[in-house]
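Student: My structure is below; once you've seen it, I'll send some questions.
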Amino acid sequence: MSSPEVLPDSEAKRWKYLNNVRTRPGAFVDPEEFDGSTVVENMNKIKILQVILSTGSTPSVCVYQPIQAEADTFSRVIGAGGLGCEILKNLALSGFKDISVIDMDTIDISNLNRQFLFRHADVGKFKAEVAAKFVERRVKGVKITPYNCKIQDFDEDFYQQFQIVVCGLDSIEARRWINATLVNMANCENPDSMKPLIDGGTEGFKGQARVILPTMGSCIECQLDMHAPRAAVPLCTLASIPRQPEHCIEWAHVIAWDKEKPFPQLDKDDPEHITWLYQKALERAKEFNISGITYSLTQGVVKNIIPAIAATNSVIAAACCNEALKIASSCAPFLGTPGEGEPNYMMYSGNDSIYTYTFKHEQKEDCPVCGMTARVLKVNPKWTLEELIESFATLPEAQLKKPSVRAEGKTLYMQLPPNLEEQTRPNLEKTLEQLGLTEGTELAVTDPAFVGVVFNFSLKFA
């Protein structure tokens with residue numbers, strides 16, 4: 001539904017102080033190269049998307065082209081959750097007029113304490129639709145298009161229409177997918193194909209914001225080892241010497257449940273099941289004089305819930321939208337501005353007072369998405385192929401859940417289609433030596449979660 005027109009005088013008053021920022025060159029901008037008279041017109045045309053395979057060209061020859069005023073530019077936001085709500089509101093208040101938002105989720109009552117665009121009457125409705133209507137009512141003149149689906153439901157042609165993509169996603173897998181898609185779209189001979197990706201994420205009192213210029217610098221895949229999976233607590237600790245309340249909950253979850261089987265299958269959303277685990281964890285904690293077991297903690301540990309802090313969402317959303325404003329207006333250098341030593345990553349911590357830090361994360365030559373060489377993979381030649389495949393799930397720089405593996409000139413194992421999986425299944429029991437793999441052999445690994453991306457590894461025997 002389109003928003004009603006706003007009278008010119010009220011429109012001018014609303015954006016008066018914003019215009020003082022976006023139409024004037026900052027301290028680190030060359031005034032002779034900055035044209036503030038075109039900024040407002042340009043940002044009115046920007047189409048922004050909120051959401052939240054390399055082309056083969058050499059990254060170093062790419063030159064970033066600032067968004068031109070005559071271009072039909074717009075942005076997109078991926079995600080309309082706690083961080084996404086903040087981003088959507090901030091983008092609208094930053095002068096962006098044409099915004100699209102993707103989120104497949106619906107509103108749950110537990111969202112209402114921090115996702116401020118939603119009300120009790122909205123429970124059960126799609127987040128993207130409700131958020132879009134709310135912001136359109138509050139910020140007159142902005143058009144927000146909601147999409148109630150997954151980001152993977154769209155092809156490259158869909159993403160080509162946007163000039164800036166802003167992510168507020170809650171999973172590494174989704175970030176990796178949109179990153180690979182935008183890198184694959186980039187063509188150094190076509191500046192319009194370069195879509196800046198602004199990514200924000202929070203975890204409790206910590207957060208980060210970063211800007212990715214596809215093929216021109218470090219991408220999300222280059223930085224994957226910074227998001228390594230959490231190490232599992234050893235079973236011996238759970239079984240014999242628990243030291244923390246979380247250990248007692250994991251004992252109830254992993255050991256007690258398997259032993260007693262109170263229900264046919266654990267349903268993590270069933271209060272009766274969580275209550276059973278809570279009671280078992282309390283008994284375990286009492287035995288070892290451990291305090292701190294609560295129902296909410298039990299639910300959080302079992303469902304791997306990381307507490308969402310509204311203040312952290314506000315800080316990171318502000319940082320992301322600040323970068324979008326700088327990219328669109330050129331009023332100040334943005335994170336990831338091409339240049340030697342320019343930072344592209346901002347980290348925030350609110351655990352002990354407030355601390356921020358910016359640095360440059362370097363692009364990796366062996367990155368499977370934007371790099372040009374195979375990544376060295378240390379393996380034991382006595383491993384079976386099944387052990388190698390299982391290692392891809394825990395390897396910080398891989399984190400692949402359903403990998404298929406090809407070697408030079410032969411297929412070792414394929415997850416899909418079913419008939420090919422059946423044909424290659426006998427290889428799982430063979431060692432790497434038995435399969436004829438030697439040091440230096442290059443493996444091509446694919447995963448259905450990352451269509452079009454081939455992870456190249458060069459074996460090194462340890």
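Residue names in the structure tokens use chain letters A, B, ... in the order shown, residue numbers from 1 in each chain, and ligand numbers from 1 in the order shown.
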Could you find all residues in segment 242-448 of chain A that DSSP calls strand (DSSP E or B) from the backbone, and write them as a ChimeraX atom specification?

Tutor: /A:308,345-349,355-359,375-379,384,404-407,410-413,431,442-446

Student: If you count only C-alpha atoms, which residues fall within 10 Å of Phe116 of chain A, apart from same-chain ones fewer than 2 positions away, as a list in words?

Tutor: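 Neighbouring residues, sequence-local ones excluded: Gly81, Gly82, Cys85, Glu86, Asn111, Leu112, Asn113, Arg114, Phe118, Arg119, Ala131, Phe134 and Ala310 of chain A.
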
Student: If we count only C-alpha atoms and set the cut-off at 10 Å, which residues sit around Leu277 of chain A, ignoring sequence neighbours fewer than 3 positions away in its own chain? Please answer as a PDB file with N, CA, C and O atoms, in the first residue's frame.

Tutor:
ATOM      1  N   CYS A 248      25.205 -29.613  33.446  1.00  0.00           N
ATOM      2  CA  CYS A 248      24.121 -30.428  34.002  1.00  0.00           C
ATOM      3  C   CYS A 248      22.946 -30.512  33.017  1.00  0.00           C
ATOM      4  O   CYS A 248      22.317 -31.575  32.879  1.00  0.00           O
ATOM      5  N   ILE A 249      22.682 -29.418  32.343  1.00  0.00           N
ATOM      6  CA  ILE A 249      21.588 -29.418  31.364  1.00  0.00           C
ATOM      7  C   ILE A 249      21.952 -30.301  30.176  1.00  0.00           C
ATOM      8  O   ILE A 249      21.120 -31.084  29.681  1.00  0.00           O
ATOM      9  N   GLU A 250      23.197 -30.211  29.711  1.00  0.00           N
ATOM     10  CA  GLU A 250      23.630 -31.059  28.606  1.00  0.00           C
ATOM     11  C   GLU A 250      23.614 -32.533  29.002  1.00  0.00           C
ATOM     12  O   GLU A 250      23.311 -33.406  28.187  1.00  0.00           O
ATOM     13  N   TRP A 251      23.950 -32.812  30.265  1.00  0.00           N
ATOM     14  CA  TRP A 251      23.885 -34.205  30.751  1.00  0.00           C
ATOM     15  C   TRP A 251      22.456 -34.722  30.654  1.00  0.00           C
ATOM     16  O   TRP A 251      22.212 -35.840  30.189  1.00  0.00           O
ATOM     17  N   ALA A 252      21.497 -33.907  31.082  1.00  0.00           N
ATOM     18  CA  ALA A 252      20.092 -34.312  30.996  1.00  0.00           C
ATOM     19  C   ALA A 252      19.664 -34.478  29.548  1.00  0.00           C
ATOM     20  O   ALA A 252      18.926 -35.411  29.199  1.00  0.00           O
ATOM     21  N   HIS A 253      20.155 -33.595  28.708  1.00  0.00           N
ATOM     22  CA  HIS A 253      19.780 -33.594  27.293  1.00  0.00           C
ATOM     23  C   HIS A 253      20.384 -34.766  26.533  1.00  0.00           C
ATOM     24  O   HIS A 253      19.699 -35.460  25.761  1.00  0.00           O
ATOM     25  N   VAL A 254      21.674 -35.023  26.752  1.00  0.00           N
ATOM     26  CA  VAL A 254      22.394 -36.017  25.957  1.00  0.00           C
ATOM     27  C   VAL A 254      22.364 -37.406  26.574  1.00  0.00           C
ATOM     28  O   VAL A 254      22.135 -38.406  25.871  1.00  0.00           O
ATOM     29  N   ALA A 256      20.856 -38.470  30.049  1.00  0.00           N
ATOM     30  CA  ALA A 256      19.656 -38.924  30.767  1.00  0.00           C
ATOM     31  C   ALA A 256      18.495 -39.208  29.810  1.00  0.00           C
ATOM     32  O   ALA A 256      17.762 -40.189  29.975  1.00  0.00           O
ATOM     33  N   TRP A 257      18.309 -38.321  28.843  1.00  0.00           N
ATOM     34  CA  TRP A 257      17.203 -38.529  27.896  1.00  0.00           C
ATOM     35  C   TRP A 257      17.389 -39.825  27.113  1.00  0.00           C
ATOM     36  O   TRP A 257      16.454 -40.613  26.959  1.00  0.00           O
ATOM     37  N   PRO A 262      11.929 -40.678  28.102  1.00  0.00           N
ATOM     38  CA  PRO A 262      10.600 -40.377  28.666  1.00  0.00           C
ATOM     39  C   PRO A 262       9.525 -40.147  27.600  1.00  0.00           C
ATOM     40  O   PRO A 262       8.340 -40.332  27.857  1.00  0.00           O
ATOM     41  N   PRO A 271       6.807 -27.721  26.007  1.00  0.00           N
ATOM     42  CA  PRO A 271       7.108 -27.364  27.406  1.00  0.00           C
ATOM     43  C   PRO A 271       7.241 -28.578  28.319  1.00  0.00           C
ATOM     44  O   PRO A 271       8.034 -28.551  29.266  1.00  0.00           O
ATOM     45  N   GLU A 272       6.481 -29.633  28.053  1.00  0.00           N
ATOM     46  CA  GLU A 272       6.561 -30.838  28.886  1.00  0.00           C
ATOM     47  C   GLU A 272       7.936 -31.494  28.769  1.00  0.00           C
ATOM     48  O   GLU A 272       8.496 -31.957  29.763  1.00  0.00           O
ATOM     49  N   HIS A 273       8.467 -31.521  27.574  1.00  0.00           N
ATOM     50  CA  HIS A 273       9.793 -32.105  27.364  1.00  0.00           C
ATOM     51  C   HIS A 273      10.874 -31.252  28.030  1.00  0.00           C
ATOM     52  O   HIS A 273      11.802 -31.782  28.667  1.00  0.00           O
ATOM     53  N   ILE A 274      10.781 -29.935  27.860  1.00  0.00           N
ATOM     54  CA  ILE A 274      11.773 -29.042  28.473  1.00  0.00           C
ATOM     55  C   ILE A 274      11.696 -29.127  30.001  1.00  0.00           C
ATOM     56  O   ILE A 274      12.730 -29.096  30.685  1.00  0.00           O
ATOM     57  N   LYS A 280      15.562 -32.934  35.593  1.00  0.00           N
ATOM     58  CA  LYS A 280      16.741 -33.804  35.625  1.00  0.00           C
ATOM     59  C   LYS A 280      18.012 -32.996  35.847  1.00  0.00           C
ATOM     60  O   LYS A 280      18.917 -33.411  36.581  1.00  0.00           O
ATOM     61  N   ALA A 281      18.101 -31.835  35.224  1.00  0.00           N
ATOM     62  CA  ALA A 281      19.277 -30.986  35.393  1.00  0.00           C
ATOM     63  C   ALA A 281      19.371 -30.470  36.824  1.00  0.00           C
ATOM     64  O   ALA A 281      20.474 -30.366  37.393  1.00  0.00           O
ATOM     65  N   LEU A 282      18.226 -30.158  37.441  1.00  0.00           N
ATOM     66  CA  LEU A 282      18.218 -29.723  38.840  1.00  0.00           C
ATOM     67  C   LEU A 282      18.759 -30.812  39.756  1.00  0.00           C
ATOM     68  O   LEU A 282      19.559 -30.551  40.671  1.00  0.00           O
ATOM     69  N   GLU A 283      18.323 -32.056  39.529  1.00  0.00           N
ATOM     70  CA  GLU A 283      18.809 -33.178  40.339  1.00  0.00           C
ATOM     71  C   GLU A 283      20.315 -33.346  40.180  1.00  0.00           C
ATOM     72  O   GLU A 283      21.037 -33.579  41.158  1.00  0.00           O
ATOM     73  N   TYR A 295      14.601 -22.695  34.305  1.00  0.00           N
ATOM     74  CA  TYR A 295      13.864 -23.221  33.150  1.00  0.00           C
ATOM     75  C   TYR A 295      14.305 -22.523  31.866  1.00  0.00           C
ATOM     76  O   TYR A 295      14.514 -23.163  30.835  1.00  0.00           O
ATOM     77  N   THR A 298      17.644 -23.746  30.754  1.00  0.00           N
ATOM     78  CA  THR A 298      17.497 -25.074  30.167  1.00  0.00           C
ATOM     79  C   THR A 298      17.020 -24.967  28.729  1.00  0.00           C
ATOM     80  O   THR A 298      17.559 -25.613  27.825  1.00  0.00           O
ATOM     81  N   GLN A 299      16.021 -24.159  28.517  1.00  0.00           N
ATOM     82  CA  GLN A 299      15.488 -23.962  27.175  1.00  0.00           C
ATOM     83  C   GLN A 299      16.550 -23.373  26.246  1.00  0.00           C
ATOM     84  O   GLN A 299      16.688 -23.792  25.090  1.00  0.00           O
ATOM     85  N   VAL A 302      19.318 -26.137  25.435  1.00  0.00           N
ATOM     86  CA  VAL A 302      18.802 -27.206  24.586  1.00  0.00           C
ATOM     87  C   VAL A 302      18.554 -26.705  23.166  1.00  0.00           C
ATOM     88  O   VAL A 302      18.857 -27.396  22.188  1.00  0.00           O
TER      89      VAL A 302
END

Student: Return the single residue from A:Val453, A:Leu224, A:Ala319, A:Ala407 that is closest to Thr438 of chain A, with distances computed using only C-alpha atoms.

Tutor: A:Ala407

Student: Quick one: residues within 7 Å of Ile316 of chain A, only C-alpha atoms, excluding same-chain residues fewer than 4 positions away - as a PyMOL selection string?

Tutor: chain A and resi 200+207-209+312+320

Student: Where does segment 311-377 of chain A meet segment 389-405 of chain A within 10 Å, residue by residue, with the nearest atom pair and distance in Å to one decimal for each, counting only C-alpha atoms, listed by chain and rising number, as a tab-separated table?

Tutor:
residue	atom	partner	partner_atom	distance
A:Cys367	CA	A:Glu397	CA	9.1
A:Pro368	CA	A:Ala398	CA	9.4
A:Arg375	CA	A:Glu397	CA	9.4
A:Leu377	CA	A:Leu395	CA	9.7

Student: Do you know which residues are at most 9 Å from segment 156-159 of chain A counting only C-alpha atoms, after dropping those on the same chain fewer than 3 positions away, and could you put them as a list in words?

Tutor: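 Within the cut-off, the hits are Leu49, Arg76, Phe162, Gln163, Val165, Thr181, Leu182, Asn184, Met185 and Lys195 of chain A.
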
Student: Which residues are close to segment 414-431 of chain A, i.e. within 10 Å by only C-alpha atoms, leaving aside same-chain residues fewer than 5 positions away? Reply as an mmCIF file with C-alpha atoms, in the first residue's frame.

Tutor:
data_model
loop_
_atom_site.group_PDB
_atom_site.id
_atom_site.type_symbol
_atom_site.label_atom_id
_atom_site.label_comp_id
_atom_site.auth_asym_id
_atom_site.auth_seq_id
_atom_site.Cartn_x
_atom_site.Cartn_y
_atom_site.Cartn_z
ATOM 1 C CA ASN A 380 45.720 -38.409 7.841
ATOM 2 C CA PRO A 381 46.183 -40.819 4.899
ATOM 3 C CA LYS A 382 44.746 -43.574 7.123
ATOM 4 C CA TRP A 383 41.427 -41.732 7.398
ATOM 5 C CA THR A 384 38.460 -43.265 5.671
ATOM 6 C CA LEU A 385 36.580 -41.140 3.194
ATOM 7 C CA GLU A 386 33.719 -41.004 5.705
ATOM 8 C CA GLU A 387 36.037 -39.519 8.347
ATOM 9 C CA LEU A 388 37.254 -36.931 5.847
ATOM 10 C CA ILE A 389 33.684 -35.943 4.978
ATOM 11 C CA LYS A 402 26.391 -32.336 3.291
ATOM 12 C CA PRO A 403 29.567 -32.312 1.220
ATOM 13 C CA SER A 404 30.023 -34.220 -2.028
ATOM 14 C CA VAL A 405 33.638 -34.936 -3.018
ATOM 15 C CA ARG A 406 35.364 -35.281 -6.363
ATOM 16 C CA GLY A 436 44.530 -43.566 -4.649
ATOM 17 C CA LEU A 437 44.723 -40.096 -3.129
ATOM 18 C CA VAL A 445 33.889 -30.261 -2.669
ATOM 19 C CA THR A 446 30.325 -29.052 -3.125
ATOM 20 C CA ASP A 447 27.380 -28.657 -0.765
ATOM 21 C CA PRO A 448 23.683 -28.271 -1.701
#

Student: What's around Gln363 of chain A at 9 Å? Count only C-alpha atoms, leave out sequence neighbours fewer than 3 positions away in its own chain, and write the answer as a count of residues only.

Tutor: 11

Student: From the set A:Cys331, A:Glu221, A:Pro191, A:Arg137, which residue has the shortest atom-to-atom contact distance to Phe455 of chain A, counting only C-alpha atoms?

Tutor: A:Glu221

Student: With only C-alpha atoms as the basis for distance, which of A:Ala317, A:Ile293, A:Ala285, A:Ile144 is at the shortest distance from Val166 of chain A?

Tutor: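 Among the listed residues, the smallest separation from Val166 of chain A belongs to A:Ala317.
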
Student: By how many Å are atom CA of Ser329 of chain A and atom CA of Ala186 of chain A apart?

Tutor: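 These atoms are spaced 21.8 Å apart.
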
Student: Taking the backbone alone, and naming residues the way the document does, which bits of segment 123-370 of chain A are helix (DSSP H, G or I) by DSSP, as a ChimeraX atom specification?

Tutor: /A:127-138,151-153,156-160,172-185,191-193,224-227,235-240,245-260,271-287,295-302,310-329

Student: Kindly indicate which residue among A:Val369, A:Cys167, A:Ile102, A:Ile309 lies nearest to Glu203 of chain A, using only C-alpha atoms for the distances.

Tutor: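 Looking only at the distances to Glu203 of chain A, the closest residue turns out to be A:Ile309.
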
Student: Just checking: using only C-alpha atoms, which residue out of A:Lys261, A:Ile327, A:Gly339, A:Gln161 ends up closest to Asn42 of chain A?

Tutor: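 Answer, going by the shortest atom-to-atom distance: A:Ile327.
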
Student: Could you please determine the separation between atom CA of Tyr357 of chain A and atom CA of Phe205 of chain A in Å, to one decimal place?

Tutor: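 Calculated distance between atom CA of Tyr357 of chain A and atom CA of Phe205 of chain A is 14.6 Å.
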